[in-house]
file upload24.txt (compact mmCIF, C-alpha atoms)
# COMPACT_ATOMS: atom_id res chain seq x y z
CA MET A 13 18.67 14.07 9.88
CA SER A 14 17.36 11.42 12.22
CA ALA A 15 16.07 8.10 10.92
CA MET A 16 12.60 8.88 12.32
CA ARG A 17 12.37 12.12 10.32
CA TRP A 18 13.69 10.39 7.22
CA HIS A 19 11.06 7.65 7.48
CA ALA A 20 8.26 10.16 8.05
CA GLY A 21 9.48 12.33 5.18
CA GLY A 22 9.85 9.32 2.93
CA ALA A 23 6.34 8.16 3.76
CA LEU A 24 4.95 11.60 2.88
CA VAL A 25 6.79 11.61 -0.44
CA ILE A 26 5.52 8.12 -1.27
CA ALA A 27 1.97 9.11 -0.33
CA ALA A 28 2.17 12.26 -2.46
CA LEU A 29 3.53 10.33 -5.44
CA SER A 30 0.80 7.70 -5.04
CA LEU A 31 -1.93 10.34 -4.94
CA ASN A 32 -0.37 12.10 -7.92
CA ALA A 33 -0.25 8.84 -9.90
CA LEU A 34 -3.91 8.14 -9.07
CA ALA A 35 -4.91 11.67 -10.04
CA GLN A 36 -3.04 11.39 -13.34
CA SER A 37 -4.83 8.15 -14.20
CA LYS A 38 -8.28 9.79 -14.24
CA PRO A 39 -9.61 10.07 -17.78
CA ILE A 40 -10.15 13.52 -19.25
CA ALA A 41 -13.55 14.51 -20.61
CA TYR A 42 -13.83 16.82 -23.60
CA PRO A 43 -17.20 18.38 -24.51
CA SER A 44 -18.24 17.01 -27.89
CA LYS A 45 -21.68 18.62 -28.04
CA GLY A 46 -20.75 22.20 -27.15
CA GLN A 47 -21.32 21.84 -23.40
CA SER A 48 -20.28 24.87 -21.37
CA ALA A 49 -17.67 24.67 -18.61
CA GLN A 50 -20.50 25.08 -16.08
CA GLN A 51 -22.46 22.20 -17.64
CA GLN A 52 -19.34 20.04 -17.71
CA GLN A 53 -18.80 20.71 -14.01
CA LYS A 54 -22.40 19.69 -13.26
CA ASP A 55 -22.06 16.54 -15.37
CA ASP A 56 -18.75 15.69 -13.73
CA GLY A 57 -20.34 15.95 -10.29
CA ALA A 58 -23.33 13.86 -11.33
CA CYS A 59 -21.08 11.19 -12.85
CA TYR A 60 -18.86 11.22 -9.75
CA SER A 61 -21.90 10.43 -7.62
CA TRP A 62 -23.23 7.85 -10.08
CA ALA A 63 -19.89 6.04 -10.42
CA LYS A 64 -19.37 6.13 -6.65
CA SER A 65 -22.79 4.64 -5.91
CA ASN A 66 -22.57 2.01 -8.67
CA THR A 67 -19.05 0.82 -7.88
CA GLY A 68 -18.95 1.44 -4.14
CA ILE A 69 -15.62 3.22 -4.65
CA ASP A 70 -15.02 6.77 -3.50
CA PRO A 71 -11.86 8.14 -5.15
CA ALA A 72 -11.52 10.66 -2.33
CA THR A 73 -10.94 7.82 0.14
CA ALA A 74 -9.66 5.00 -2.09
CA SER A 75 -6.09 6.24 -1.91
CA THR A 76 -6.09 7.10 1.78
CA ALA A 77 -5.73 3.60 3.19
CA PRO A 78 -4.06 3.61 6.60
CA PRO A 79 -0.30 3.11 6.37
CA PRO A 80 1.02 -0.25 7.48
CA GLN A 81 2.23 -0.36 11.05
CA SER A 82 5.91 -0.38 11.75
CA GLY A 83 8.14 -0.50 14.76
CA PRO A 84 9.65 -3.04 17.09
CA ALA A 85 6.32 -4.52 18.22
CA VAL A 86 5.18 -5.22 14.66
CA GLY A 87 6.42 -8.18 12.71
CA GLY A 88 3.77 -10.86 12.86
CA GLY A 89 5.92 -13.02 15.10
CA GLU A 90 8.67 -13.45 12.53
CA ARG A 91 11.35 -12.17 14.92
CA VAL A 92 10.19 -14.31 17.85
CA GLY A 93 9.85 -17.38 15.66
CA GLY A 94 13.27 -16.72 14.15
CA ALA A 95 14.79 -16.35 17.61
CA ALA A 96 13.26 -19.63 18.79
CA ARG A 97 14.42 -21.53 15.71
CA GLY A 98 17.85 -19.94 15.92
CA ALA A 99 18.20 -20.73 19.61
CA ALA A 100 17.24 -24.36 19.06
CA GLY A 101 19.68 -24.75 16.18
CA GLY A 102 22.39 -22.87 18.05
CA ALA A 103 21.93 -25.04 21.13
CA VAL A 104 22.42 -28.19 19.06
CA ILE A 105 25.53 -26.82 17.39
CA GLY A 106 26.78 -25.42 20.72
CA ALA A 107 26.24 -28.79 22.41
CA ILE A 108 28.41 -30.43 19.77
CA ALA A 109 31.07 -27.72 20.27
CA GLY A 110 30.82 -27.95 24.07
CA ASP A 111 28.75 -24.87 25.08
CA ALA A 112 25.02 -25.22 24.34
CA GLY A 113 24.11 -21.93 26.13
CA LYS A 114 26.51 -19.84 24.08
CA GLY A 115 25.37 -21.55 20.88
CA ALA A 116 21.73 -20.91 21.77
CA ALA A 117 22.43 -17.22 22.39
CA ILE A 118 24.24 -16.82 19.09
CA GLY A 119 21.50 -18.75 17.28
CA ALA A 120 18.77 -16.64 18.89
CA THR A 121 20.47 -13.44 17.77
CA ALA A 122 20.89 -14.69 14.22
CA GLY A 123 17.31 -15.99 14.18
CA THR A 124 15.96 -12.64 15.39
CA MET A 125 17.78 -10.88 12.57
CA ALA A 126 16.47 -13.36 10.01
CA GLY A 127 12.95 -12.92 11.42
CA GLY A 128 13.31 -9.14 11.03
CA VAL A 129 14.22 -9.62 7.37
CA ARG A 130 11.12 -11.77 6.88
CA ALA A 131 8.97 -9.16 8.65
CA ARG A 132 10.24 -6.40 6.34
CA GLN A 133 9.66 -8.58 3.26
CA ASN A 134 6.12 -9.30 4.42
CA ARG A 135 5.43 -5.59 5.00
CA ARG A 136 6.70 -4.72 1.51
CA ALA A 137 4.48 -7.41 0.01
CA GLN A 138 1.46 -6.10 1.94
CA GLN A 139 2.16 -2.54 0.76
CA ALA A 140 2.46 -3.66 -2.86
CA ASN A 141 -0.80 -5.61 -2.55
CA ALA A 142 -2.62 -2.64 -1.02
CA GLN A 143 -1.34 -0.36 -3.77
CA ALA A 144 -2.44 -2.80 -6.48
CA GLN A 145 -5.90 -3.09 -4.91
CA SER A 146 -6.20 0.68 -4.69
CA GLN A 147 -5.18 1.08 -8.33
CA GLY A 148 -7.63 -1.63 -9.38
CA ALA A 149 -10.43 0.12 -7.49
CA MET A 150 -9.57 3.44 -9.15
CA ASP A 151 -9.56 1.78 -12.58
CA THR A 152 -13.05 0.39 -11.91
CA TYR A 153 -14.31 3.78 -10.72
CA ASN A 154 -12.73 5.58 -13.70
CA ARG A 155 -14.38 3.20 -16.18
CA ALA A 156 -17.78 3.86 -14.59
CA TRP A 157 -17.20 7.64 -14.53
CA ALA A 158 -16.08 7.61 -18.19
CA ALA A 159 -19.15 5.61 -19.24
CA CYS A 160 -21.40 8.13 -17.53
CA MET A 161 -19.62 11.09 -19.12
CA GLN A 162 -19.75 9.47 -22.57
CA GLY A 163 -23.48 8.98 -22.08
CA ARG A 164 -23.76 12.73 -21.46
CA GLY A 165 -21.99 13.58 -24.72
CA TYR A 166 -18.33 13.86 -23.80
CA SER A 167 -15.33 12.40 -25.56
CA ILE A 168 -13.09 10.59 -23.06
CA GLN A 169 -9.29 10.41 -23.36
call {"tool": "encode", "arguments": {"input": "upload24.txt", "output": "structure tokens"}}
result
Amino acid sequence: MSAMRWHAGGALVIAALSLNALAQSKPIAYPSKGQSAQQQQKDDGACYSWAKSNTGIDPATASTAPPPQSGPAVGGGERVGGAARGAAGGAVIGAIAGDAGKGAAIGATAGTMAGGVRARQNRRAQQANAQAQSQGAMDTYNRAWAACMQGRGYSIQ
């Protein structure tokens, strides 16, 4: 299996698990005043709209944030900055050893690799932050939805 397919497949699995986790976190409403299934469906729709308008959060779109970009052109300059720092340090060490050009080349390569590591760490941090924000938004929406449903005579679990 190619790396490209693995990454795409992995992203789909992560997205599915994230959506599943968000769906599982929605509270469950139980009719406590003998409401019919049809009435519960109406109330659920009304509370969906009410919670959405009062919180500004639409659960249908809250978990569909665009995936972070990836690829060789992405990295926020970490690779270029790492290469420049590495080349400068390598040139100094190479000058001491007698070949500044060779030292600069080795330093640039090492700096590029270090910059790539920083870029990946930054991407992971951004993904974790986006996921936390999405979960926080869903928690806010779910509290509003639950309050509405309780007001209509449902027990919320």
call {"tool": "closest_residue", "arguments": {"input": "upload24.txt", "among": "A:Ser61, A:Gln53, A:Gln138, A:Thr73", "to": "Ala156 (chain A)", "atoms": "only C-alpha atoms"}}
result
A:Ser61
call {"tool": "closest_residue", "arguments": {"input": "upload24.txt", "among": "A:Ala49, A:Ile69, A:Ala74, A:Cys59", "to": "Ala142 (chain A)", "atoms": "all atoms listed in the file"}}
result
A:Ala74
call {"tool": "atom_distance", "arguments": {"input": "upload24.txt", "atom1": "CA of Ser146 (chain A)", "atom2": "CA of Ala159 (chain A)"}}
result
20.1 Å
call {"tool": "closest_residue", "arguments": {"input": "upload24.txt", "among": "A:Lys64, A:Ala137, A:Gly46, A:Gln143", "to": "Trp157 (chain A)", "atoms": "all atoms listed in the file"}}
result
A:Lys64
call {"tool": "atom_distance", "arguments": {"input": "upload24.txt", "atom1": "CA of Ser65 (chain A)", "atom2": "CA of Gln162 (chain A)"}}
result
17.6 Å
call {"tool": "atom_distance", "arguments": {"input": "upload24.txt", "atom1": "CA of Gln52 (chain A)", "atom2": "CA of Ser37 (chain A)"}}
result
19.1 Å
call {"tool": "residues_around", "arguments": {"input": "upload24.txt", "residues": "Asp70 (chain A)", "least_positions_apart": "6", "cutoff": "10 Å", "atoms": "only C-alpha atoms", "output": "list in words"}}
result
Tyr60, Ser61, Ala63, Lys64, Ala149, Met150 and Tyr153 of chain A
call {"tool": "residues_near_point", "arguments": {"input": "upload24.txt", "point": "(-22.2, 14.3, -29.1)", "cutoff": "12 Å", "atoms": "all atoms listed in the file", "output": "PyMOL selection string"}}
result
chain A and resi 42-47+161-168
